[in-house]
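Trainee: Sharing final-v1.txt, compact mmCIF, C-alpha atoms:
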```txt
# COMPACT_ATOMS: atom_id res chain seq x y z
CA MET A 1 197.97 9.83 196.85
CA ARG A 2 195.09 12.26 197.29
CA ILE A 3 193.78 11.67 193.80
CA ASP A 4 194.01 7.95 194.24
CA ARG A 5 191.85 7.99 197.34
CA SER A 6 189.12 10.15 195.86
CA THR A 7 188.67 7.86 192.87
CA LYS A 8 188.51 4.83 195.14
CA ASN A 9 185.79 6.31 197.34
CA ARG A 10 183.56 7.47 194.49
CA PRO A 11 181.33 4.67 193.19
CA ALA A 12 181.91 3.88 189.54
CA ALA A 13 179.35 5.51 187.26
CA ILE A 14 176.77 3.00 186.01
CA SER A 15 176.76 2.84 182.26
CA THR A 16 173.36 3.67 180.81
CA ALA A 17 174.47 2.88 177.29
CA SER A 18 172.30 -0.24 177.11
CA LEU A 19 169.14 1.57 178.23
CA PRO A 20 168.25 2.77 174.70
CA ASP A 21 168.74 -0.77 173.42
CA ILE A 22 166.31 -2.16 175.96
CA VAL A 23 163.74 0.51 175.19
CA PHE A 24 164.20 -0.11 171.47
CA ILE A 25 163.55 -3.82 171.97
CA LEU A 26 160.32 -2.94 173.78
CA LEU A 27 159.44 -0.55 171.00
CA PHE A 28 159.97 -3.14 168.28
CA PHE A 29 157.91 -5.62 170.23
CA PHE A 30 155.00 -3.21 170.36
CA MET A 31 155.43 -2.25 166.71
CA THR A 32 155.16 -5.86 165.60
CA VAL A 33 152.36 -7.19 167.79
CA THR A 34 150.00 -4.25 167.69
CA THR A 35 148.04 -2.58 164.96
CA ILE A 36 147.15 1.07 164.73
CA LYS A 37 143.59 1.69 165.79
CA THR A 38 141.54 2.46 162.74
CA ASP A 39 138.11 3.14 164.14
CA THR A 40 137.21 4.87 167.32
CA LEU A 41 134.96 2.88 169.55
CA LEU A 42 131.53 4.41 169.78
CA VAL A 43 130.12 1.62 171.85
CA ALA A 44 131.18 -0.17 174.99
CA ASN A 45 132.96 -3.26 173.83
CA GLU A 46 134.04 -5.58 176.55
CA LEU A 47 134.31 -8.96 174.91
CA PRO A 48 133.18 -12.11 176.68
CA ILE A 49 135.68 -14.77 177.64
CA ALA A 50 135.81 -18.29 176.22
CA GLU A 51 138.16 -21.23 176.26
CA GLU A 52 137.41 -23.26 173.16
CA VAL A 53 138.47 -20.57 170.75
CA GLY A 54 139.96 -20.58 167.31
CA LEU A 55 142.24 -17.96 165.84
CA ILE A 56 141.63 -16.32 162.48
CA GLU A 57 145.12 -16.08 161.09
CA ASN A 58 144.28 -14.05 158.02
CA GLU A 59 143.03 -10.61 158.88
CA GLU A 60 142.03 -9.99 155.29
CA LEU A 61 139.09 -12.32 155.74
CA ILE A 62 137.42 -10.37 158.49
CA ILE A 63 134.45 -8.05 158.36
CA GLU A 64 133.76 -6.55 161.74
CA ILE A 65 130.47 -5.69 163.37
CA LEU A 66 130.51 -4.15 166.81
CA VAL A 67 127.64 -4.13 169.26
CA GLY A 68 127.37 -2.55 172.65
CA ARG A 69 125.90 0.26 174.66
CA PRO A 70 126.69 3.66 173.13
CA SER A 71 129.45 5.53 174.90
CA LYS A 72 128.62 8.21 177.47
CA GLU A 73 128.46 11.20 175.14
CA LEU A 74 126.45 9.36 172.54
CA SER A 75 124.00 7.83 174.96
CA LYS A 76 122.26 11.20 175.28
CA LEU A 77 121.44 10.99 171.61
CA TYR A 78 120.94 7.29 171.09
CA GLY A 79 119.75 6.08 174.46
CA ASP A 80 121.48 3.40 176.44
CA GLN A 81 120.17 0.35 174.62
CA PRO A 82 122.86 -1.68 172.82
CA ALA A 83 123.55 -0.34 169.34
CA ILE A 84 125.37 -1.55 166.27
CA GLN A 85 128.57 0.10 165.12
CA LEU A 86 129.62 -0.33 161.50
CA ASN A 87 133.05 1.10 160.79
CA ASP A 88 132.86 4.53 162.40
CA ARG A 89 129.17 5.17 162.81
CA LEU A 90 126.20 3.82 164.66
CA ALA A 91 123.71 2.03 162.48
CA LYS A 92 120.32 0.41 162.45
CA ILE A 93 119.73 -3.27 161.93
CA GLU A 94 118.56 -2.75 158.33
CA GLU A 95 121.92 -1.24 157.44
CA VAL A 96 123.86 -4.36 158.38
CA ALA A 97 123.24 -6.32 155.18
CA PRO A 98 124.15 -3.48 152.76
CA PHE A 99 127.23 -2.67 154.84
CA VAL A 100 128.48 -6.24 154.82
CA LEU A 101 127.89 -6.53 151.08
CA THR A 102 129.85 -3.36 150.30
CA GLU A 103 132.66 -4.54 152.54
CA LEU A 104 132.59 -7.87 150.76
CA SER A 105 132.87 -6.22 147.36
CA LYS A 106 136.06 -4.49 148.52
CA LYS A 107 137.75 -7.82 149.18
CA PRO A 108 139.84 -9.49 146.50
CA ASN A 109 137.94 -11.98 144.38
CA ASP A 110 139.72 -15.14 145.43
CA ILE A 111 138.97 -14.81 149.13
CA ARG A 112 135.37 -13.72 148.94
CA ASN A 113 133.98 -17.15 149.68
CA LYS A 114 136.15 -17.41 152.78
CA VAL A 115 135.11 -14.15 154.42
CA ILE A 116 134.26 -14.39 158.10
CA VAL A 117 132.03 -11.90 159.85
CA SER A 118 133.50 -11.19 163.24
CA LEU A 119 130.86 -10.20 165.77
CA LYS A 120 132.51 -8.13 168.43
CA ILE A 121 129.77 -7.91 170.94
CA ASP A 122 129.83 -6.50 174.41
CA LYS A 123 129.14 -9.15 176.97
CA LYS A 124 126.40 -7.07 178.56
CA ALA A 125 124.44 -6.76 175.31
CA ASN A 126 121.41 -8.94 174.88
CA VAL A 127 121.12 -11.94 172.64
CA GLY A 128 118.11 -10.60 170.73
CA LEU A 129 120.09 -8.04 168.80
CA VAL A 130 122.73 -10.64 167.97
CA GLN A 131 120.02 -12.96 166.68
CA ASP A 132 118.75 -10.16 164.44
CA ILE A 133 122.23 -9.60 163.02
CA LYS A 134 122.66 -13.32 162.41
CA GLU A 135 119.34 -13.44 160.60
CA GLU A 136 120.40 -10.54 158.38
CA LEU A 137 123.64 -12.33 157.60
CA SER A 138 121.98 -15.58 156.70
CA LYS A 139 119.62 -13.68 154.40
CA ILE A 140 122.57 -12.48 152.34
CA ASN A 141 124.18 -15.90 152.57
CA LEU A 142 127.24 -14.96 154.56
CA LEU A 143 127.28 -17.86 156.91
CA LYS A 144 130.69 -17.87 158.53
CA VAL A 145 130.61 -15.98 161.78
CA ASN A 146 133.05 -15.58 164.59
CA TYR A 147 131.91 -14.67 168.07
CA ALA A 148 134.92 -12.61 169.05
CA THR A 149 136.08 -13.39 172.55
CA LEU A 150 139.03 -13.08 174.81
CA GLU A 151 140.78 -16.22 175.86
CA GLY A 152 140.41 -17.31 179.43
CA PRO A 153 138.35 -19.23 181.97
CA VAL A 154 134.64 -19.00 181.25
CA HIS A 155 133.31 -18.55 184.75
CA LYS A 156 134.32 -14.88 184.68
CA ASN A 157 131.53 -13.98 182.23
CA MET B 1 199.34 13.76 169.25
CA ALA B 2 197.81 10.37 169.71
CA LYS B 3 195.29 11.78 172.20
CA ASP B 4 194.12 14.47 169.78
CA ARG B 5 193.23 12.00 167.05
CA GLN B 6 190.65 10.21 169.15
CA VAL B 7 187.09 10.89 168.06
CA PRO B 8 185.20 12.66 170.83
CA GLU B 9 182.53 10.46 172.40
CA VAL B 10 178.97 11.33 171.49
CA ASN B 11 176.65 11.58 174.45
CA ALA B 12 173.98 8.94 173.97
CA GLY B 13 172.05 9.81 177.07
CA SER B 14 169.13 11.30 175.18
CA MET B 15 168.73 8.28 172.93
CA ALA B 16 166.76 6.51 175.63
CA ASP B 17 164.43 9.49 175.88
CA ILE B 18 163.80 9.45 172.15
CA ALA B 19 163.13 5.73 172.20
CA PHE B 20 160.77 6.19 175.12
CA LEU B 21 158.85 8.84 173.24
CA LEU B 22 158.44 6.50 170.28
CA LEU B 23 157.43 3.67 172.57
CA ILE B 24 154.81 5.78 174.30
CA PHE B 25 153.45 6.92 170.95
CA PHE B 26 152.97 3.29 169.90
CA LEU B 27 151.47 2.36 173.23
CA VAL B 28 148.85 5.05 172.86
CA THR B 29 147.91 4.76 169.21
CA THR B 30 147.89 1.01 168.77
CA SER B 31 145.98 -1.85 170.24
CA ILE B 32 146.61 -5.55 170.35
CA GLU B 33 144.12 -7.18 168.01
CA THR B 34 142.59 -10.40 169.17
CA ASN B 35 140.84 -12.08 166.22
CA VAL B 36 140.17 -14.91 168.56
CA GLY B 37 136.72 -16.33 168.94
CA ILE B 38 134.24 -19.13 168.65
CA GLN B 39 133.58 -19.85 165.01
CA ARG B 40 130.21 -21.02 163.83
CA LYS B 41 128.42 -21.49 160.58
CA LEU B 42 124.94 -20.03 160.35
CA PRO B 43 122.14 -22.07 158.86
CA PRO B 44 121.28 -21.07 155.29
CA ASP B 45 118.11 -19.08 154.86
CA LEU B 46 115.90 -21.77 153.36
CA ASN B 47 112.18 -21.91 153.50
CA THR B 48 111.97 -25.68 153.71
CA PRO B 49 110.17 -27.15 156.67
CA PRO B 50 112.53 -28.65 159.24
CA PRO B 51 113.17 -32.38 158.91
CA HIS B 52 111.45 -34.61 161.38
CA ILE B 53 113.74 -35.63 164.22
CA LYS B 54 112.87 -38.06 166.95
CA GLU B 55 112.49 -36.30 170.26
CA ARG B 56 115.08 -38.51 171.93
CA ASN B 57 117.71 -37.30 169.45
CA ILE B 58 117.22 -33.70 170.49
CA LEU B 59 118.82 -32.13 173.51
CA ARG B 60 116.97 -28.94 174.29
CA VAL B 61 119.09 -26.24 175.84
CA ARG B 62 117.23 -23.09 176.83
CA LEU B 63 118.54 -19.87 178.21
CA ASN B 64 115.97 -17.61 179.81
CA LYS B 65 116.03 -13.87 180.34
CA ASN B 66 117.43 -14.25 183.83
CA ASN B 67 120.42 -16.09 182.37
CA GLN B 68 119.28 -19.41 183.79
CA LEU B 69 119.96 -22.55 181.84
CA MET B 70 117.54 -25.37 181.31
CA VAL B 71 118.72 -28.58 179.71
CA GLY B 72 115.97 -31.05 178.85
CA LYS B 73 113.71 -30.76 181.86
CA ASN B 74 116.31 -29.79 184.41
CA VAL B 75 117.73 -26.47 185.48
CA LEU B 76 121.49 -26.80 185.31
CA PRO B 77 124.45 -24.58 186.15
CA ILE B 78 126.62 -23.86 183.12
CA SER B 79 129.49 -25.83 184.63
CA GLU B 80 127.40 -29.01 184.33
CA LEU B 81 126.45 -28.44 180.71
CA LYS B 82 129.52 -29.98 179.11
CA LYS B 83 129.11 -33.27 180.98
CA THR B 84 125.46 -33.50 180.04
CA VAL B 85 126.12 -32.76 176.38
CA ILE B 86 128.89 -35.34 176.20
CA SER B 87 126.77 -38.06 177.73
CA PHE B 88 123.96 -37.15 175.33
CA LEU B 89 126.12 -37.13 172.19
CA ASP B 90 128.16 -40.15 173.10
CA ASN B 91 125.18 -42.18 174.25
CA GLY B 92 124.92 -44.50 171.25
CA GLY B 93 121.48 -45.74 172.13
CA ALA B 94 120.85 -47.63 168.87
CA PRO B 95 120.97 -51.40 169.48
CA LEU B 96 123.93 -53.47 168.30
CA GLU B 97 122.46 -55.01 165.13
CA SER B 98 120.57 -51.97 163.94
CA GLU B 99 121.69 -49.66 161.16
CA GLY B 100 122.61 -46.66 163.24
CA HIS B 101 124.70 -48.51 165.79
CA CYS B 102 127.62 -46.46 167.01
CA ALA B 103 130.64 -48.69 167.49
CA TYR B 104 132.98 -46.03 168.83
CA CYS B 105 130.61 -44.50 171.36
CA GLN B 106 131.46 -45.01 175.00
CA GLY B 107 128.22 -43.70 176.47
CA SER B 108 125.71 -45.49 178.66
CA ARG B 109 123.63 -46.72 175.65
CA ASN B 110 120.44 -45.47 177.21
CA PRO B 111 117.53 -46.18 174.82
CA ASP B 112 115.83 -42.93 175.85
CA SER B 113 118.75 -40.76 174.81
CA SER B 114 120.32 -40.21 171.39
CA ASP B 115 120.74 -43.06 168.88
CA ASN B 116 124.18 -42.02 167.68
CA PRO B 117 126.23 -38.84 167.33
CA LEU B 118 125.23 -38.48 163.68
CA LYS B 119 121.59 -38.08 164.59
CA ALA B 120 121.97 -36.18 167.82
CA VAL B 121 121.01 -32.53 167.59
CA ILE B 122 121.44 -29.87 170.19
CA SER B 123 118.75 -27.26 170.06
CA LEU B 124 119.86 -24.02 171.60
CA GLN B 125 117.18 -21.49 172.31
CA SER B 126 117.87 -18.23 173.94
CA ASP B 127 115.60 -15.51 175.17
CA ARG B 128 116.13 -12.14 173.52
CA GLU B 129 116.80 -10.57 176.89
CA ALA B 130 119.53 -13.02 177.86
CA GLU B 131 123.00 -11.62 178.35
CA TYR B 132 125.44 -12.18 175.52
CA GLY B 133 128.28 -13.12 177.86
CA VAL B 134 126.29 -16.03 179.23
CA TYR B 135 125.26 -17.02 175.72
CA VAL B 136 128.92 -17.22 174.70
CA SER B 137 129.64 -19.31 177.79
CA VAL B 138 126.96 -21.75 176.68
CA GLN B 139 128.37 -21.85 173.15
CA ASN B 140 131.80 -22.40 174.65
CA GLU B 141 130.63 -25.36 176.70
CA LEU B 142 128.92 -26.90 173.67
CA THR B 143 132.10 -26.54 171.62
CA ALA B 144 134.11 -27.94 174.51
CA ALA B 145 131.91 -31.04 174.58
CA TYR B 146 132.36 -31.63 170.87
CA ASN B 147 136.07 -30.98 171.03
CA GLN B 148 136.54 -33.41 173.87
CA LEU B 149 134.78 -36.21 171.98
CA ARG B 150 136.59 -35.39 168.75
CA ASN B 151 139.93 -35.29 170.53
CA ARG B 152 139.27 -38.69 172.04
CA GLU B 153 138.54 -40.29 168.70
CA SER B 154 141.36 -38.45 166.98
CA LEU B 155 143.85 -39.64 169.58
CA ARG B 156 142.58 -43.19 169.18
CA LEU B 157 142.75 -43.19 165.37
CA TYR B 158 145.67 -40.92 164.55
CA GLY B 159 147.45 -40.31 167.82
CA VAL B 160 147.00 -36.54 167.52
CA ALA B 161 144.39 -34.38 169.21
CA TYR B 162 141.71 -32.99 166.88
CA THR B 163 142.12 -29.42 168.08
CA GLU B 164 145.85 -29.67 167.40
CA MET B 165 145.24 -30.84 163.85
CA GLU B 166 142.76 -28.05 163.27
CA GLU B 167 145.19 -25.47 164.56
CA LYS B 168 147.87 -26.76 162.24
CA TYR B 169 145.46 -26.80 159.33
CA ASN B 170 144.46 -23.18 159.87
CA SER B 171 148.01 -21.95 160.25
CA PRO B 172 149.36 -20.28 157.09
CA GLU B 173 152.81 -21.73 157.74
CA THR B 174 151.72 -25.31 157.14
CA ALA B 175 152.73 -26.76 153.77
CA VAL B 176 149.96 -27.46 151.27
CA SER B 177 150.72 -31.18 151.03
CA LEU B 178 150.45 -31.53 154.78
CA LYS B 179 147.23 -29.54 154.78
CA LYS B 180 145.68 -31.98 152.34
CA LYS B 181 146.51 -34.91 154.58
CA LEU B 182 145.24 -33.08 157.63
CA LYS B 183 142.01 -32.16 155.91
CA LEU B 184 141.20 -35.78 155.23
CA LYS B 185 141.74 -36.67 158.87
CA ILE B 186 139.79 -33.67 160.12
CA MET B 187 136.90 -34.53 157.82
CA GLU B 188 136.93 -38.11 159.07
CA ILE B 189 136.68 -37.01 162.70
CA ARG B 190 134.03 -34.43 161.88
CA LYS B 191 132.02 -37.15 160.22
CA MET B 192 132.08 -39.15 163.44
CA TYR B 193 130.87 -36.26 165.58
CA PRO B 194 129.23 -33.71 163.31
CA LEU B 195 128.55 -30.39 164.96
CA LYS B 196 124.79 -30.16 165.01
CA ILE B 197 123.72 -27.17 166.97
CA SER B 198 120.41 -25.77 165.88
CA GLU B 199 119.52 -22.28 166.91
CA ALA B 200 116.06 -22.62 165.48
CA SER B 201 114.17 -19.42 165.11
CA LEU B 202 112.90 -17.38 167.96
CA LYS B 203 109.38 -17.61 166.62
CA LEU B 204 109.30 -21.18 167.83
CA ASN B 205 110.53 -20.00 171.18
CA GLU B 206 107.87 -17.34 171.45
CA SER B 207 105.01 -19.63 170.51
CA ASN B 208 106.09 -22.05 173.22
CA GLN B 209 105.80 -19.46 175.88
CA PRO B 210 102.42 -18.88 177.47
```
Using the file provided, produce a representation of the structure as structure tokens.

Mentor:
Amino acid sequence: MRIDRSTKNRPAAISTASLPDIVFILLFFFMTVTTIKTDTLLVANELPIAEEVGLIENEELIIEILVGRPSKELSKLYGDQPAIQLNDRLAKIEEVAPFVLTELSKKPNDIRNKVIVSLKIDKKANVGLVQDIKEELSKINLLKVNYATLEGPVHKN
Amino acid sequence: MAKDRQVPEVNAGSMADIAFLLLIFFLVTTSIETNVGIQRKLPPDLNTPPPHIKERNILRVRLNKNNQLMVGKNVLPISELKKTVISFLDNGGAPLESEGHCAYCQGSRNPDSSDNPLKAVISLQSDREAEYGVYVSVQNELTAAYNQLRNRESLRLYGVAYTEMEEKYNSPETAVSLKKKLKLKIMEIRKMYPLKISEASLKLNESNQP
């Protein structure tokens, strides 16, 4: 009688057995949709927002160029004017063409004519520098560019 | 006896902790890649003089260093740009019997605006000091204008929106035979409204300024 009562009054223990499963599902989700960061960002890189965007499905095709103001520690050295980041270093405008060509030579032969240069440019950067990069690219005849953006309503820019 | 044979239950309470650790590791070291953007083709670096284009076939869009937009002779907010570009492209000003008459245009057929979409050129000039975010907004509006016109014609001819076809074409999951069919249709629509955005050199821009 006494035992019976005590078990009735105590709330049943909630099973936490499914908690690992839920966390594992979350984990697998993150493992599949994300990629491990390869380069550290040396520049501020807040992308602008656009609506009429296309998606590049094949990541193999992309050569990235980043532009933005140098990060806080670097700005003492490089000033706070927008700079170009190629892979993991800051570069001058003259280095863009050689960089893109070496990146291009690393790509497999059959996709070389499809390569897209993705310009990941901070929305606070100025257009002049972008124009310079575009001129460099057209000099070496790499004409497909992608202005990397986030997707969303434009008026937030 | 029967009780003794039962396998003792393993405590799985720490499994969640382990999974959380892994999860947090992935949260910290990875990032969601976007690879989304506005795609453009740059003009080839040729030293040929630009072809002569009638002034009425050019829509001049200028962005100054204070991020203000001027279209033709008017200062416009960016939200108005799309409408202006559509009415310019879709104008179809060439008269009915002439060679360049645009049968599918639904514009106002103003003789002072563009002859037909094939001849219409948008000239985008931007000051070096302009902000890139605003520049992308302008590019976005221009693309939006083209997409709207292309979608309209695509829906009329094939019953599918142009942007939808393009998305399908770019997807790696689409079968090759379907891609071939889609390409023909896409090309046909592109021929009706070719994307002609000229970002003619800044030198021109500088010489225009006093």

Trainee: Find the residues in chain A near chain B: any atom within 8 Å counts, using only C-alpha atoms. Write them as a PDB file with C-alpha atoms, keeping the file's coordinate frame.

Mentor:
```pdb
ATOM      1  CA  THR A  16     173.360   3.670 180.810  1.00  0.00           C
ATOM      2  CA  ALA A  17     174.470   2.880 177.290  1.00  0.00           C
ATOM      3  CA  LEU A  19     169.140   1.570 178.230  1.00  0.00           C
ATOM      4  CA  PRO A  20     168.250   2.770 174.700  1.00  0.00           C
ATOM      5  CA  ASP A  21     168.740  -0.770 173.420  1.00  0.00           C
ATOM      6  CA  VAL A  23     163.740   0.510 175.190  1.00  0.00           C
ATOM      7  CA  PHE A  24     164.200  -0.110 171.470  1.00  0.00           C
ATOM      8  CA  LEU A  26     160.320  -2.940 173.780  1.00  0.00           C
ATOM      9  CA  LEU A  27     159.440  -0.550 171.000  1.00  0.00           C
ATOM     10  CA  PHE A  30     155.000  -3.210 170.360  1.00  0.00           C
ATOM     11  CA  MET A  31     155.430  -2.250 166.710  1.00  0.00           C
ATOM     12  CA  VAL A  33     152.360  -7.190 167.790  1.00  0.00           C
ATOM     13  CA  THR A  34     150.000  -4.250 167.690  1.00  0.00           C
ATOM     14  CA  THR A  35     148.040  -2.580 164.960  1.00  0.00           C
ATOM     15  CA  ILE A  36     147.150   1.070 164.730  1.00  0.00           C
ATOM     16  CA  LYS A  37     143.590   1.690 165.790  1.00  0.00           C
ATOM     17  CA  LEU A  47     134.310  -8.960 174.910  1.00  0.00           C
ATOM     18  CA  PRO A  48     133.180 -12.110 176.680  1.00  0.00           C
ATOM     19  CA  ILE A  49     135.680 -14.770 177.640  1.00  0.00           C
ATOM     20  CA  ALA A  50     135.810 -18.290 176.220  1.00  0.00           C
ATOM     21  CA  GLU A  51     138.160 -21.230 176.260  1.00  0.00           C
ATOM     22  CA  GLU A  52     137.410 -23.260 173.160  1.00  0.00           C
ATOM     23  CA  VAL A  53     138.470 -20.570 170.750  1.00  0.00           C
ATOM     24  CA  GLY A  54     139.960 -20.580 167.310  1.00  0.00           C
ATOM     25  CA  LEU A  55     142.240 -17.960 165.840  1.00  0.00           C
ATOM     26  CA  ILE A  56     141.630 -16.320 162.480  1.00  0.00           C
ATOM     27  CA  GLU A  57     145.120 -16.080 161.090  1.00  0.00           C
ATOM     28  CA  GLU A  59     143.030 -10.610 158.880  1.00  0.00           C
ATOM     29  CA  SER A 118     133.500 -11.190 163.240  1.00  0.00           C
ATOM     30  CA  ILE A 121     129.770  -7.910 170.940  1.00  0.00           C
ATOM     31  CA  ASP A 122     129.830  -6.500 174.410  1.00  0.00           C
ATOM     32  CA  LYS A 123     129.140  -9.150 176.970  1.00  0.00           C
ATOM     33  CA  LYS A 124     126.400  -7.070 178.560  1.00  0.00           C
ATOM     34  CA  ALA A 125     124.440  -6.760 175.310  1.00  0.00           C
ATOM     35  CA  ASN A 126     121.410  -8.940 174.880  1.00  0.00           C
ATOM     36  CA  VAL A 127     121.120 -11.940 172.640  1.00  0.00           C
ATOM     37  CA  GLY A 128     118.110 -10.600 170.730  1.00  0.00           C
ATOM     38  CA  LEU A 129     120.090  -8.040 168.800  1.00  0.00           C
ATOM     39  CA  GLN A 131     120.020 -12.960 166.680  1.00  0.00           C
ATOM     40  CA  LYS A 134     122.660 -13.320 162.410  1.00  0.00           C
ATOM     41  CA  SER A 138     121.980 -15.580 156.700  1.00  0.00           C
ATOM     42  CA  LYS A 139     119.620 -13.680 154.400  1.00  0.00           C
ATOM     43  CA  ASN A 141     124.180 -15.900 152.570  1.00  0.00           C
ATOM     44  CA  LEU A 143     127.280 -17.860 156.910  1.00  0.00           C
ATOM     45  CA  LYS A 144     130.690 -17.870 158.530  1.00  0.00           C
ATOM     46  CA  VAL A 145     130.610 -15.980 161.780  1.00  0.00           C
ATOM     47  CA  ASN A 146     133.050 -15.580 164.590  1.00  0.00           C
ATOM     48  CA  TYR A 147     131.910 -14.670 168.070  1.00  0.00           C
ATOM     49  CA  ALA A 148     134.920 -12.610 169.050  1.00  0.00           C
ATOM     50  CA  THR A 149     136.080 -13.390 172.550  1.00  0.00           C
ATOM     51  CA  LEU A 150     139.030 -13.080 174.810  1.00  0.00           C
ATOM     52  CA  GLU A 151     140.780 -16.220 175.860  1.00  0.00           C
ATOM     53  CA  VAL A 154     134.640 -19.000 181.250  1.00  0.00           C
ATOM     54  CA  HIS A 155     133.310 -18.550 184.750  1.00  0.00           C
ATOM     55  CA  ASN A 157     131.530 -13.980 182.230  1.00  0.00           C
TER      56      ASN A 157
END
```

Trainee: Which residues are near Cys102 of chain B? Cut-off 6 Å, all atoms listed in the file, ignore same chain within fewer than 3 positions. Put them as an MDAnalysis selection string.

Mentor: chainID B and resid 92 105 116

Trainee: Atom CA of Leu86 of chain A and atom CA of Glu64 of chain A, how far apart in Å?

Mentor: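 Between atom CA of Glu64 of chain A and atom CA of Leu86 of chain A the gap is 7.5 Å.
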
Trainee: Counting only C-alpha atoms, which of B:Arg5, B:Lys54, B:Lys83, B:Arg60 gets nearest to Gly107 of chain B?

Mentor: B:Lys83

Trainee: Enter the distance from atom CA of Gln106 of chain B to atom CA of Leu76 of chain B, in Å, rounded to one decimal.

Mentor: 23.2 Å

Trainee: Could you give me, as a list in words, the residues that sit within 6 Å of (116.8, -41.8, 169.8) in the file's coordinates, counting all atoms listed in the file?

Mentor: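 Nearby residues: Arg56, Asn57, Ser113, Ser114 and Asp115 of chain B.
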
Trainee: Compare B:Ile58, B:Leu155, B:Leu149, B:Leu118 by their minimum atom-to-atom distance to Glu99 of chain B, counting only C-alpha atoms, and give me the closest one.

Mentor: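 For Glu99 of chain B, the nearest of the candidates is B:Leu118.
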
Trainee: Using all atoms listed in the file, which residues sit within 12 Å of Tyr158 of chain B once same-chain residues fewer than 6 positions away are excluded, as a compact mmCIF listing (two decimals) with C-alpha atoms, keeping the file's coordinate frame?

Mentor:
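around15.txt written:
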```
# COMPACT_ATOMS: atom_id res chain seq x y z
CA ARG B 150 136.59 -35.39 168.75
CA ASN B 151 139.93 -35.29 170.53
CA ARG B 152 139.27 -38.69 172.04
CA GLU B 164 145.85 -29.67 167.40
CA MET B 165 145.24 -30.84 163.85
CA LYS B 181 146.51 -34.91 154.58
CA LEU B 182 145.24 -33.08 157.63
CA LEU B 184 141.20 -35.78 155.23
CA LYS B 185 141.74 -36.67 158.87
CA ILE B 186 139.79 -33.67 160.12
CA GLU B 188 136.93 -38.11 159.07
CA ILE B 189 136.68 -37.01 162.70
```

Trainee: Report, in Å with one decimal, the straight-line distance from atom CA of Ala97 of chain A to atom CA of Lys114 of chain A.

Mentor: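 Between atom CA of Ala97 of chain A and atom CA of Lys114 of chain A the gap is 17.2 Å.
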
Trainee: Can you pull out every residue within 10 Å of Glu136 of chain A, counting all atoms listed in the file, but drop anything in the same chain fewer than 4 positions away, and send it as JSON, numbers by chain?

Mentor: {"A": [93, 94, 95, 96, 97, 98, 100, 130, 131, 132, 140, 141, 142], "B": [45]}

Trainee: Which residues, protein or nucleic acid, reach to within 6 Å of (125.7, 3.3, 168.5) in the file's coordinates when using only C-alpha atoms, and can you give that as an MDAnalysis selection string?

Mentor: chainID A and resid 43 70 83:85 90
